[in-house]
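File shown: run_33.tsv (TSV, C-alpha atoms).
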```
chain	number	residue	atom	x	y	z
R	1	MET	CA	-14.86	-12.18	20.54
R	2	LYS	CA	-18.28	-10.57	20.09
R	3	ALA	CA	-16.69	-7.11	20.18
R	4	LEU	CA	-14.11	-8.17	17.61
R	5	LEU	CA	-16.83	-9.48	15.31
R	6	THR	CA	-18.70	-6.21	15.67
R	7	ILE	CA	-15.58	-4.24	14.74
R	8	CYS	CA	-15.01	-6.47	11.72
R	9	ALA	CA	-18.64	-6.09	10.64
R	10	VAL	CA	-18.39	-2.31	10.89
R	11	ALA	CA	-15.18	-2.36	8.83
R	12	VAL	CA	-16.81	-4.52	6.14
R	13	VAL	CA	-19.82	-2.20	5.96
R	14	ALA	CA	-17.54	0.83	5.69
R	15	LEU	CA	-15.52	-0.82	2.93
R	16	PHE	CA	-18.68	-1.80	1.04
R	17	THR	CA	-20.07	1.73	1.40
R	18	THR	CA	-16.82	3.19	0.06
R	19	MET	CA	-16.83	0.80	-2.91
R	20	LEU	CA	-20.46	1.64	-3.62
R	21	ALA	CA	-19.72	5.37	-3.51
R	22	ARG	CA	-16.80	4.87	-5.93
R	23	ALA	CA	-19.01	2.93	-8.32
R	24	GLU	CA	-21.85	5.48	-8.15
R	25	VAL	CA	-19.62	8.42	-9.05
R	26	LEU	CA	-18.03	6.56	-11.95
R	27	GLN	CA	-21.37	5.35	-13.25
R	28	GLU	CA	-22.55	8.94	-13.54
R	29	LEU	CA	-19.78	9.65	-16.07
R	30	PRO	CA	-20.30	8.97	-19.80
R	31	PRO	CA	-19.01	5.57	-21.01
R	32	ASP	CA	-16.19	7.10	-23.09
R	33	ILE	CA	-14.85	8.93	-20.02
R	34	GLN	CA	-15.24	5.84	-17.82
R	35	LYS	CA	-12.76	4.06	-20.10
R	36	ALA	CA	-9.94	6.18	-18.69
R	37	TYR	CA	-10.56	4.58	-15.28
R	38	GLU	CA	-10.35	0.97	-16.46
R	39	GLY	CA	-7.38	-0.75	-14.84
R	40	LEU	CA	-6.50	2.40	-12.89
R	41	ASP	CA	-4.28	1.83	-9.86
R	42	PRO	CA	-6.77	0.55	-7.23
R	43	LYS	CA	-5.41	2.99	-4.64
R	44	THR	CA	-6.53	5.92	-6.77
R	45	PRO	CA	-9.44	7.69	-5.03
R	46	VAL	CA	-12.49	7.98	-7.30
R	47	GLY	CA	-15.25	8.85	-4.86
R	48	ALA	CA	-17.20	12.09	-4.69
R	49	SER	CA	-14.89	15.09	-4.42
R	50	MET	CA	-14.70	17.00	-1.15
R	51	LEU	CA	-14.06	20.11	-3.26
R	52	SER	CA	-17.41	19.93	-5.06
R	53	ASP	CA	-18.76	22.91	-3.09
R	54	PHE	CA	-15.47	24.69	-2.46
R	55	LYS	CA	-15.44	28.47	-2.60
R	56	PRO	CA	-12.26	30.52	-2.10
R	57	LYS	CA	-11.91	32.93	0.81
R	58	LYS	CA	-11.58	35.81	-1.63
R	59	GLY	CA	-11.95	36.50	-5.31
R	60	PRO	CA	-9.24	36.90	-7.93
R	61	PRO	CA	-6.47	37.70	-8.46
R	62	TRP	CA	-5.20	34.67	-6.56
R	63	THR	CA	-1.76	33.54	-5.41
R	64	ILE	CA	-0.90	30.00	-6.54
R	65	GLY	CA	1.49	27.75	-4.65
R	66	PHE	CA	3.39	25.12	-6.65
R	67	ALA	CA	5.05	22.48	-4.46
R	68	SER	CA	7.17	20.59	-6.97
R	69	SER	CA	8.96	17.41	-5.99
R	70	TYR	CA	11.84	17.55	-8.48
R	71	ALA	CA	13.40	19.85	-11.06
R	72	GLY	CA	16.27	17.83	-12.47
R	73	ASN	CA	15.17	16.53	-15.86
R	74	THR	CA	13.99	17.75	-19.27
R	75	TRP	CA	10.36	16.90	-18.51
R	76	ARG	CA	10.30	19.29	-15.55
R	77	ALA	CA	12.10	21.95	-17.56
R	78	ALA	CA	9.52	21.76	-20.36
R	79	ALA	CA	6.67	21.91	-17.85
R	80	MET	CA	8.14	24.94	-16.09
R	81	ASP	CA	8.70	26.67	-19.41
R	82	ARG	CA	5.01	26.30	-20.30
R	83	LEU	CA	3.95	27.36	-16.80
R	84	MET	CA	6.06	30.50	-16.52
R	85	ASN	CA	5.99	31.66	-20.14
R	86	VAL	CA	2.43	30.79	-21.16
R	87	LEU	CA	0.05	29.77	-18.38
R	88	VAL	CA	0.94	32.29	-15.66
R	89	PRO	CA	1.08	35.32	-18.03
R	90	GLU	CA	-2.19	34.20	-19.61
R	91	ALA	CA	-3.92	33.97	-16.21
R	92	LYS	CA	-2.48	37.29	-15.07
R	93	GLU	CA	-3.76	38.99	-18.21
R	94	ALA	CA	-7.22	37.54	-17.48
R	95	GLY	CA	-7.06	39.02	-13.96
R	96	LEU	CA	-7.10	35.60	-12.31
R	97	VAL	CA	-3.60	35.28	-10.85
R	98	LYS	CA	-1.55	37.76	-8.85
R	99	ASP	CA	1.54	35.65	-8.21
R	100	ILE	CA	2.92	32.11	-8.11
R	101	VAL	CA	5.19	30.78	-5.36
R	102	ILE	CA	7.30	27.76	-6.35
R	103	THR	CA	9.14	25.34	-4.09
R	104	GLN	CA	11.31	22.30	-4.92
R	105	SER	CA	11.77	19.37	-2.53
R	106	ASP	CA	14.30	17.29	-4.53
R	107	LEU	CA	12.27	14.08	-3.95
R	108	LYS	CA	12.37	14.48	-0.16
R	109	ASP	CA	8.88	13.87	1.27
R	110	ALA	CA	9.68	15.56	4.59
R	111	VAL	CA	10.81	18.68	2.76
R	112	GLN	CA	7.73	18.76	0.56
R	113	ILE	CA	5.48	18.35	3.62
R	114	GLN	CA	7.16	21.33	5.27
R	115	GLN	CA	6.94	23.37	2.07
R	116	ILE	CA	3.20	22.71	1.71
R	117	ARG	CA	2.59	23.95	5.24
R	118	GLN	CA	4.76	27.00	4.60
R	119	LEU	CA	2.82	27.84	1.45
R	120	VAL	CA	-0.43	27.64	3.41
R	121	ASP	CA	0.94	29.84	6.17
R	122	GLN	CA	2.20	32.35	3.56
R	123	GLY	CA	-1.36	32.80	2.36
R	124	VAL	CA	-1.56	31.07	-1.02
R	125	ASP	CA	-5.07	30.38	-2.28
R	126	ILE	CA	-4.42	26.93	-3.77
R	127	ILE	CA	-1.49	24.49	-4.03
R	128	ILE	CA	-0.51	22.41	-7.05
R	129	LEU	CA	1.62	19.28	-6.51
R	130	CYS	CA	3.57	17.32	-9.06
R	131	CYS	CA	4.42	13.62	-9.19
R	132	SER	CA	4.47	13.02	-5.46
R	133	ASN	CA	4.34	10.07	-3.09
R	134	PRO	CA	0.68	8.94	-2.99
R	135	THR	CA	0.37	8.82	0.82
R	136	ALA	CA	3.24	10.73	2.44
R	137	LEU	CA	1.69	14.17	1.97
R	138	ASN	CA	-1.80	13.34	3.25
R	139	GLN	CA	-1.54	15.11	6.61
R	140	SER	CA	-0.17	18.27	5.05
R	141	ILE	CA	-2.94	18.17	2.41
R	142	LYS	CA	-5.51	17.94	5.22
R	143	TYR	CA	-3.76	20.83	6.99
R	144	ALA	CA	-4.14	22.91	3.83
R	145	TYR	CA	-7.78	21.89	3.35
R	146	ASP	CA	-8.65	22.77	6.96
R	147	LYS	CA	-7.15	26.23	6.35
R	148	GLY	CA	-9.29	26.72	3.24
R	149	VAL	CA	-6.51	25.94	0.74
R	150	PRO	CA	-7.35	23.16	-1.75
R	151	VAL	CA	-4.60	20.93	-3.17
R	152	ILE	CA	-4.43	19.73	-6.77
R	153	SER	CA	-2.08	16.84	-7.62
R	154	TYR	CA	-1.21	16.50	-11.30
R	155	ASP	CA	0.65	13.78	-13.18
R	156	GLY	CA	-0.05	11.24	-10.46
R	157	PHE	CA	-2.53	10.82	-7.65
R	158	VAL	CA	-2.53	11.33	-3.90
R	159	THR	CA	-4.80	9.33	-1.62
R	160	ALA	CA	-5.83	12.22	0.66
R	161	PRO	CA	-9.63	12.51	0.32
R	162	GLU	CA	-9.39	16.30	0.49
R	163	ALA	CA	-7.32	16.61	-2.70
R	164	LEU	CA	-8.18	16.60	-6.39
R	165	SER	CA	-5.89	14.49	-8.57
R	166	VAL	CA	-5.66	14.94	-12.35
R	167	THR	CA	-3.67	12.19	-13.99
R	168	PRO	CA	-3.24	9.92	-16.97
R	169	ASN	CA	-3.96	6.24	-16.40
R	170	PHE	CA	-0.36	5.10	-15.98
R	171	VAL	CA	-1.21	1.41	-15.50
R	172	ASP	CA	-2.98	1.26	-18.84
R	173	GLY	CA	-0.30	3.47	-20.39
R	174	GLY	CA	2.48	1.15	-19.23
R	175	TYR	CA	0.53	-1.83	-20.52
R	176	GLN	CA	-0.13	-0.36	-23.97
R	177	ILE	CA	3.42	0.91	-24.38
R	178	ALA	CA	5.01	-2.40	-23.40
R	179	LYS	CA	2.60	-4.33	-25.59
R	180	SER	CA	3.48	-2.19	-28.61
R	181	VAL	CA	7.19	-3.01	-28.20
R	182	ILE	CA	6.47	-6.72	-27.68
R	183	GLU	CA	4.33	-6.84	-30.81
R	184	LYS	CA	7.12	-5.10	-32.76
R	185	MET	CA	9.46	-7.83	-31.47
R	186	GLY	CA	7.13	-10.46	-32.90
R	187	GLY	CA	6.12	-11.62	-29.43
R	188	LYS	CA	9.44	-13.21	-28.55
R	189	GLY	CA	12.99	-12.35	-27.54
R	190	ASN	CA	15.03	-10.67	-24.82
R	191	LEU	CA	13.54	-7.52	-23.30
R	192	LEU	CA	15.23	-4.84	-21.20
R	193	TYR	CA	13.06	-2.63	-18.99
R	194	VAL	CA	14.12	0.88	-17.95
R	195	SER	CA	11.92	1.99	-15.05
R	196	GLY	CA	11.49	5.45	-13.52
R	197	ILE	CA	11.74	6.43	-9.85
R	198	ALA	CA	10.66	3.67	-7.46
R	199	GLY	CA	8.12	4.74	-4.84
R	200	LEU	CA	6.40	7.41	-6.90
R	201	ASN	CA	2.97	6.26	-8.03
R	202	THR	CA	3.52	7.41	-11.61
R	203	SER	CA	6.49	5.08	-11.93
R	204	ASP	CA	5.06	2.22	-9.90
R	205	SER	CA	1.77	2.29	-11.83
R	206	PHE	CA	3.61	2.20	-15.15
R	207	ASP	CA	5.62	-0.76	-13.84
R	208	THR	CA	2.40	-2.60	-13.02
R	209	GLY	CA	1.02	-2.17	-16.52
R	210	ALA	CA	4.29	-2.95	-18.31
R	211	LEU	CA	4.94	-6.10	-16.28
R	212	LYS	CA	1.38	-7.28	-16.95
R	213	ALA	CA	1.97	-7.02	-20.70
R	214	ILE	CA	5.29	-8.86	-20.39
R	215	ALA	CA	3.69	-11.65	-18.33
R	216	GLU	CA	1.09	-12.22	-21.05
R	217	HIS	CA	3.83	-13.24	-23.50
R	218	PRO	CA	5.64	-16.42	-22.41
R	219	ASP	CA	8.19	-16.14	-25.22
R	220	ILE	CA	9.39	-12.78	-23.93
R	221	LYS	CA	12.32	-13.03	-21.53
R	222	LEU	CA	12.84	-10.05	-19.23
R	223	ILE	CA	16.63	-10.07	-19.03
R	224	GLY	CA	17.02	-7.03	-16.82
R	225	THR	CA	15.50	-3.96	-15.17
R	226	VAL	CA	17.40	-0.74	-14.52
R	227	GLN	CA	16.28	2.53	-12.92
R	228	GLY	CA	16.51	5.43	-15.33
R	229	ASN	CA	15.20	7.93	-12.75
R	230	TRP	CA	13.37	9.79	-15.55
R	231	THR	CA	16.69	11.35	-16.50
R	232	ASP	CA	18.51	10.67	-19.77
R	233	GLN	CA	22.00	10.95	-18.32
R	234	ILE	CA	21.22	8.43	-15.59
R	235	ALA	CA	19.46	6.07	-17.98
R	236	GLN	CA	22.42	6.19	-20.36
R	237	VAL	CA	24.89	5.27	-17.61
R	238	GLU	CA	22.70	2.49	-16.20
R	239	VAL	CA	22.00	0.93	-19.60
R	240	GLN	CA	25.70	1.09	-20.53
R	241	LYS	CA	26.53	-0.74	-17.29
R	242	PHE	CA	23.93	-3.37	-18.07
R	243	LEU	CA	25.16	-3.88	-21.63
R	244	ALA	CA	28.76	-4.20	-20.45
R	245	THR	CA	27.85	-7.20	-18.29
R	246	HIS	CA	25.16	-8.78	-20.51
R	247	PRO	CA	26.52	-9.86	-23.89
R	248	GLU	CA	23.23	-11.46	-24.98
R	249	THR	CA	21.13	-9.83	-27.68
R	250	VAL	CA	18.66	-7.15	-26.58
R	251	ASP	CA	15.65	-7.58	-28.84
R	252	GLY	CA	13.48	-4.82	-27.39
R	253	ILE	CA	13.43	-2.08	-24.75
R	254	VAL	CA	10.48	-0.73	-22.78
R	255	LEU	CA	11.21	2.45	-20.88
R	256	GLN	CA	9.73	5.26	-18.87
R	257	SER	CA	10.44	8.66	-20.36
R	258	PRO	CA	12.45	10.87	-20.19
R	259	SER	CA	15.12	8.28	-20.81
R	260	GLU	CA	14.84	7.24	-24.47
R	261	ILE	CA	17.54	9.67	-25.65
R	262	GLY	CA	19.93	8.27	-23.03
R	263	VAL	CA	19.01	4.67	-23.87
R	264	ILE	CA	19.55	5.16	-27.60
R	265	GLN	CA	22.89	6.87	-26.97
R	266	ALA	CA	23.95	4.02	-24.66
R	267	LEU	CA	23.19	1.47	-27.37
R	268	LEU	CA	25.04	3.39	-30.07
R	269	GLN	CA	28.09	4.03	-27.89
R	270	SER	CA	28.18	0.33	-26.97
R	271	GLY	CA	28.10	-0.66	-30.60
R	272	ARG	CA	24.71	-2.31	-30.24
R	273	PRO	CA	21.85	-1.93	-32.74
R	274	VAL	CA	18.77	-0.05	-31.57
R	275	PRO	CA	15.98	-2.65	-31.30
R	276	PRO	CA	12.24	-1.95	-31.05
R	277	ILE	CA	11.89	0.67	-28.32
R	278	SER	CA	9.11	2.66	-26.69
R	279	LEU	CA	8.84	6.32	-27.67
R	280	GLN	CA	7.05	8.91	-25.55
R	281	GLY	CA	7.84	12.27	-27.02
R	282	GLU	CA	11.46	13.30	-26.49
R	283	PHE	CA	12.61	15.24	-29.56
R	284	GLY	CA	15.98	13.50	-29.80
R	285	ALA	CA	14.39	10.05	-29.87
R	286	ALA	CA	11.70	11.32	-32.24
R	287	CYS	CA	14.48	12.49	-34.54
R	288	TYR	CA	16.11	9.05	-34.42
R	289	TRP	CA	12.74	7.44	-35.22
R	290	LYS	CA	12.41	9.73	-38.24
R	291	GLU	CA	15.70	8.39	-39.60
R	292	HIS	CA	15.08	4.79	-38.45
R	293	PRO	CA	11.34	4.05	-38.81
R	294	GLU	CA	11.91	0.36	-38.11
R	295	ILE	CA	12.33	0.88	-34.35
R	296	ALA	CA	8.63	1.49	-33.63
R	297	ASP	CA	5.18	1.40	-35.18
R	298	VAL	CA	3.68	4.08	-32.94
R	299	GLY	CA	4.58	6.67	-30.33
R	300	PHE	CA	2.67	7.51	-27.16
R	301	TYR	CA	1.65	10.65	-25.34
R	302	LEU	CA	1.40	9.40	-21.77
R	303	TYR	CA	2.62	12.44	-19.87
R	304	PRO	CA	3.56	15.23	-22.32
R	305	PRO	CA	5.07	17.83	-19.96
R	306	ALA	CA	3.53	21.06	-21.24
R	307	SER	CA	0.12	19.43	-21.67
R	308	GLU	CA	0.28	17.82	-18.25
R	309	ILE	CA	1.00	21.07	-16.40
R	310	TYR	CA	-1.81	22.69	-18.40
R	311	PHE	CA	-4.06	19.87	-17.13
R	312	GLY	CA	-3.17	20.62	-13.49
R	313	TRP	CA	-3.24	24.41	-13.92
R	314	ASN	CA	-6.58	24.42	-15.70
R	315	ALA	CA	-8.12	22.22	-13.00
R	316	ALA	CA	-6.71	24.47	-10.25
R	317	LEU	CA	-8.27	27.58	-11.80
R	318	ARG	CA	-11.60	25.78	-12.12
R	319	VAL	CA	-11.53	24.79	-8.44
R	320	LEU	CA	-10.78	28.38	-7.40
R	321	GLN	CA	-13.67	29.53	-9.54
R	322	GLY	CA	-16.05	27.21	-7.69
R	323	GLN	CA	-16.70	24.99	-10.70
R	324	GLY	CA	-16.99	21.99	-8.39
R	325	PRO	CA	-15.14	18.79	-9.35
R	326	LYS	CA	-17.50	15.84	-9.14
R	327	ILE	CA	-14.89	13.14	-8.59
R	328	GLN	CA	-11.66	12.89	-6.57
R	329	THR	CA	-9.53	11.94	-9.57
R	330	ILE	CA	-9.88	13.14	-13.15
R	331	ALA	CA	-8.25	10.48	-15.31
R	332	ARG	CA	-7.43	10.45	-18.99
R	333	GLN	CA	-6.22	7.81	-21.41
R	334	VAL	CA	-2.91	7.52	-23.21
R	335	MET	CA	-2.82	8.98	-26.75
R	336	LYS	CA	-0.99	7.47	-29.72
R	337	TYR	CA	0.79	9.35	-32.49
R	338	THR	CA	2.04	8.11	-35.85
R	339	LEU	CA	5.43	8.44	-37.49
R	340	GLU	CA	3.94	11.06	-39.81
R	341	GLU	CA	2.65	13.08	-36.84
R	342	ASN	CA	6.04	12.63	-35.17
R	343	ASN	CA	7.91	13.96	-38.19
R	344	SER	CA	5.58	16.93	-38.63
R	345	GLN	CA	6.77	18.45	-35.33
R	346	LEU	CA	10.47	18.07	-36.04
R	347	PRO	CA	12.79	20.63	-37.67
R	348	GLU	CA	14.71	19.49	-40.73
R	349	ASP	CA	18.02	19.61	-38.84
R	350	CYS	CA	16.86	17.79	-35.70
R	351	LYS	CA	19.52	16.09	-33.57
R	352	ILE	CA	19.51	13.06	-31.32
R	353	ASP	CA	20.47	15.18	-28.31
R	354	ASP	CA	17.57	17.65	-28.72
R	355	GLN	CA	15.89	17.78	-25.32
R	356	ARG	CA	12.60	19.38	-26.33
R	357	TRP	CA	9.31	17.46	-26.35
R	358	LEU	CA	6.58	16.62	-28.81
R	359	GLU	CA	3.20	17.82	-27.56
R	360	PRO	CA	-0.44	17.22	-28.45
R	361	LYS	CA	-2.68	20.26	-28.58
R	362	ALA	CA	-3.73	21.32	-25.08
R	363	GLU	CA	-7.39	21.02	-26.06
R	364	ASP	CA	-6.76	17.41	-27.13
R	365	TRP	CA	-5.14	16.54	-23.80
R	366	PHE	CA	-7.71	18.15	-21.49
R	367	PRO	CA	-10.68	18.85	-23.75
R	368	ASN	CA	-13.65	20.94	-22.68
R	369	SER	CA	-15.79	17.89	-23.36
R	370	LEU	CA	-14.00	16.12	-20.49
R	371	ALA	CA	-14.04	19.14	-18.17
R	372	ASN	CA	-17.74	19.64	-18.81
R	373	GLN	CA	-18.45	16.12	-17.54
R	374	VAL	CA	-16.27	16.11	-14.43
R	375	PHE	CA	-17.05	19.61	-13.12
R	376	ALA	CA	-20.53	20.45	-11.84
R	377	ARG	CA	-20.49	24.08	-13.01
R	378	PRO	CA	-18.06	24.08	-15.95
R	379	SER	CA	-16.84	27.24	-17.62
R	380	ASP	CA	-13.78	28.26	-19.62
R	381	PRO	CA	-11.40	29.40	-16.85
R	382	LEU	CA	-9.99	32.31	-18.86
R	383	THR	CA	-13.38	33.81	-19.71
R	384	TRP	CA	-15.05	33.02	-16.36
R	385	LYS	CA	-16.45	35.97	-14.43
R	386	PRO	CA	-17.18	36.07	-10.66
R	387	GLN	CA	-20.84	35.93	-9.72
R	388	ASN	CA	-22.15	38.90	-7.74
```
Step by step, read the file and then write its structure as structure tokens.
Amino acid sequence: MKALLTICAVAVVALFTTMLARAEVLQELPPDIQKAYEGLDPKTPVGASMLSDFKPKKGPPWTIGFASSYAGNTWRAAAMDRLMNVLVPEAKEAGLVKDIVITQSDLKDAVQIQQIRQLVDQGVDIIILCCSNPTALNQSIKYAYDKGVPVISYDGFVTAPEALSVTPNFVDGGYQIAKSVIEKMGGKGNLLYVSGIAGLNTSDSFDTGALKAIAEHPDIKLIGTVQGNWTDQIAQVEVQKFLATHPETVDGIVLQSPSEIGVIQALLQSGRPVPPISLQGEFGAACYWKEHPEIADVGFYLYPPASEIYFGWNAALRVLQGQGPKIQTIARQVMKYTLEENNSQLPEDCKIDDQRWLEPKAEDWFPNSLANQVFARPSDPLTWKPQN
């Protein structure tokens, strides 16, 4: 019994020490940046970064590994377009990048684990992950770290202490987005929720925030939840199935994007009116909002694809340059955009099936003012020069 008590005491001390370390790192950040961490998924690591003193084995040009988990939706297509047609050429021109090696695991953790190890063994200098399981990749991330290859997770966090995660606050984003729809509904009525991909922290965190907002409104009845799998075609089919078996009125819809184009098309094809609905940047839905301003009061940038991959890419270059992240996770808040801002990005002949995305300016999404606070030795990655 005495030994058991000793073990428990040691565990409590370790937990308290970890919590204290988390608090100390956050308290060193300016108050406006700390706001991005409020309500963050509690599993998100926010202690001191193990990459704060990282230095690459060699100087530029570097080879970047990109271990993507999925390629089958418009969000991934927009991200890859920005990566291959803007970010990589830009970094090559600056003499920073020699090559990029891309893998796709099709949402299979075991495959992504193997691909990470293969990228390390092939000699990449850093690995970028997208939207992965928060815990499944931890051993492969440690394997990479032990071989001198840092791992950057963007658009979602990983719990491996060796990694750097750069991510929006999806709990707060889900909460704000759901609340905006509920307020547009007048705080009462039947609500349909279209979730993302269960098991991925991006989706699960959004769920947590959205369900919190719903629970705060007793006159809101959640009449159903379907999985849209972040894919318009899937969301359209699943919502059509739901509508076919639920004749009651749908007074509002909260969704995880990309799925709003599919959801709107499902409603129209079922002969249902489009009620208040959450909007997160798909062009087709933005076009519908332009013609039907009554469906929303505001849109949200929670994970704009081109801006998000810029976030991860920029952080990866900074780590390779030895800029020293201070904290394990760099978080940012959701951004709102107005109907006027929505319309300003649309062509005159926009269509509901347009699969492009609205985007904030990259500097607005990952501003230098944020980077300067979360990196110990900040510098513009594209103008950075190696120190002799």
Put the listed atoms of stretch 254-260 of chain R in a box along x, y and z with 5 Å added on every side and give me the centre and edge lengths in Å to one decimal, as AutoDock Vina command-line options.
```
--center_x 12.4 --center_y 5.1 --center_z -21.7 --size_x 15.4 --size_y 21.6 --size_z 15.6
```
Worksheet item: Neighbours of stretch 335-351 of chain R within 7 Å (all atoms listed in the file; same-chain residues fewer than 2 positions away dropped), as a list in words?
Response: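 Contacts, with the query itself left out: Gly284, Ala286, Cys287, Lys290, Val298, Gly299, Phe300, Tyr301, Leu302, Gln333, Asp353, Asp354 and Leu358 of chain R.
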Discussion item. Env of R:Asn229: 8 Å cut, atoms = only C-alpha atoms, seq-sep filter 5 positions within chain, self excluded. Answer as an MDAnalysis selection string.
Written reply: chainID R and resid 195:197 234:235
Save the residues we just selected, C-alpha atoms, as a compact mmCIF listing (two decimals), keeping the file's coordinate frame?
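Contents of the output file again_22.txt:
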```
# COMPACT_ATOMS: atom_id res chain seq x y z
CA SER R 195 11.92 1.99 -15.05
CA GLY R 196 11.49 5.45 -13.52
CA ILE R 197 11.74 6.43 -9.85
CA ILE R 234 21.22 8.43 -15.59
CA ALA R 235 19.46 6.07 -17.98
```
Discussion item. I'd like the contact shell of R:Gln233 - 12 Å cut-off, only C-alpha atoms, skipping same-chain residues fewer than 6 positions apart - returned as JSON, numbers by chain.
Written reply: {"R": [72, 73, 74, 227, 239, 240, 257, 258, 259, 260, 261, 262, 263, 264, 265, 266, 353, 355]}
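The smallest atom-to-atom distance between R:Val120 and any of R:Asn133, R:Ser140, R:Gln176, R:Gln387, using only C-alpha atoms, is found for R:Ser140.
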Item to complete: Find the residue from R:Gln256, R:Gln112, R:Ser270, R:Ser278 that sits nearest to R:Val181; use only C-alpha atoms when measuring.
Response: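 Of the candidates, the smallest distance to R:Val181 is held by R:Ser278.
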Practice prompt. Could you give me, as a list in words, the residues within 10 Å of R:Phe206, counting only C-alpha atoms and dropping anything in the same chain fewer than 4 positions from it?
Written response: Asp41, Asn169, Phe170, Val171, Asp172, Gly173, Gly174, Tyr175, Gln176, Ile177, Ala178, Ser195, Gly196, Asn201, Thr202, Ala210, Leu211, Lys212, Leu255 and Gln256 of chain R
Please dump the current selection as a tab-separated table (two decimals), in the frame of the given file; keep C-alpha atoms.
```
chain	number	residue	atom	x	y	z
R	41	ASP	CA	-4.28	1.83	-9.86
R	169	ASN	CA	-3.96	6.24	-16.40
R	170	PHE	CA	-0.36	5.10	-15.98
R	171	VAL	CA	-1.21	1.41	-15.50
R	172	ASP	CA	-2.98	1.26	-18.84
R	173	GLY	CA	-0.30	3.47	-20.39
R	174	GLY	CA	2.48	1.15	-19.23
R	175	TYR	CA	0.53	-1.83	-20.52
R	176	GLN	CA	-0.13	-0.36	-23.97
R	177	ILE	CA	3.42	0.91	-24.38
R	178	ALA	CA	5.01	-2.40	-23.40
R	195	SER	CA	11.92	1.99	-15.05
R	196	GLY	CA	11.49	5.45	-13.52
R	201	ASN	CA	2.97	6.26	-8.03
R	202	THR	CA	3.52	7.41	-11.61
R	210	ALA	CA	4.29	-2.95	-18.31
R	211	LEU	CA	4.94	-6.10	-16.28
R	212	LYS	CA	1.38	-7.28	-16.95
R	255	LEU	CA	11.21	2.45	-20.88
R	256	GLN	CA	9.73	5.26	-18.87
```
Practice prompt. Return the single residue from R:Thr44, R:Asn372, R:Ser180, R:Thr383 that is closest to R:Gln328, with distances computed using all atoms listed in the file.
Written response: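 Using all atoms listed in the file, the shortest distance to R:Gln328 belongs to R:Thr44.
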Item to complete: Would you kindly return, as a list of chain:residue names, each protein, DNA or RNA residue with an atom no farther than 8 Å from any atom of R:Ile64, considering all atoms listed in the file and excluding same-chain residues fewer than 6 positions away?
Response: R:Val97, R:Asp99, R:Ile100, R:Val101, R:Val124, R:Asp125, R:Ile126, R:Ile127, R:Ile128
Generate the output file for the selected residues, C-alpha atoms, as a PDB file, in the coordinates of the input.
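Here's the written file part00.pdb:
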```
ATOM      1  CA  VAL R  97      -3.600  35.280 -10.850  1.00  0.00           C
ATOM      2  CA  ASP R  99       1.540  35.650  -8.210  1.00  0.00           C
ATOM      3  CA  ILE R 100       2.920  32.110  -8.110  1.00  0.00           C
ATOM      4  CA  VAL R 101       5.190  30.780  -5.360  1.00  0.00           C
ATOM      5  CA  VAL R 124      -1.560  31.070  -1.020  1.00  0.00           C
ATOM      6  CA  ASP R 125      -5.070  30.380  -2.280  1.00  0.00           C
ATOM      7  CA  ILE R 126      -4.420  26.930  -3.770  1.00  0.00           C
ATOM      8  CA  ILE R 127      -1.490  24.490  -4.030  1.00  0.00           C
ATOM      9  CA  ILE R 128      -0.510  22.410  -7.050  1.00  0.00           C
TER      10      ILE R 128
END
```
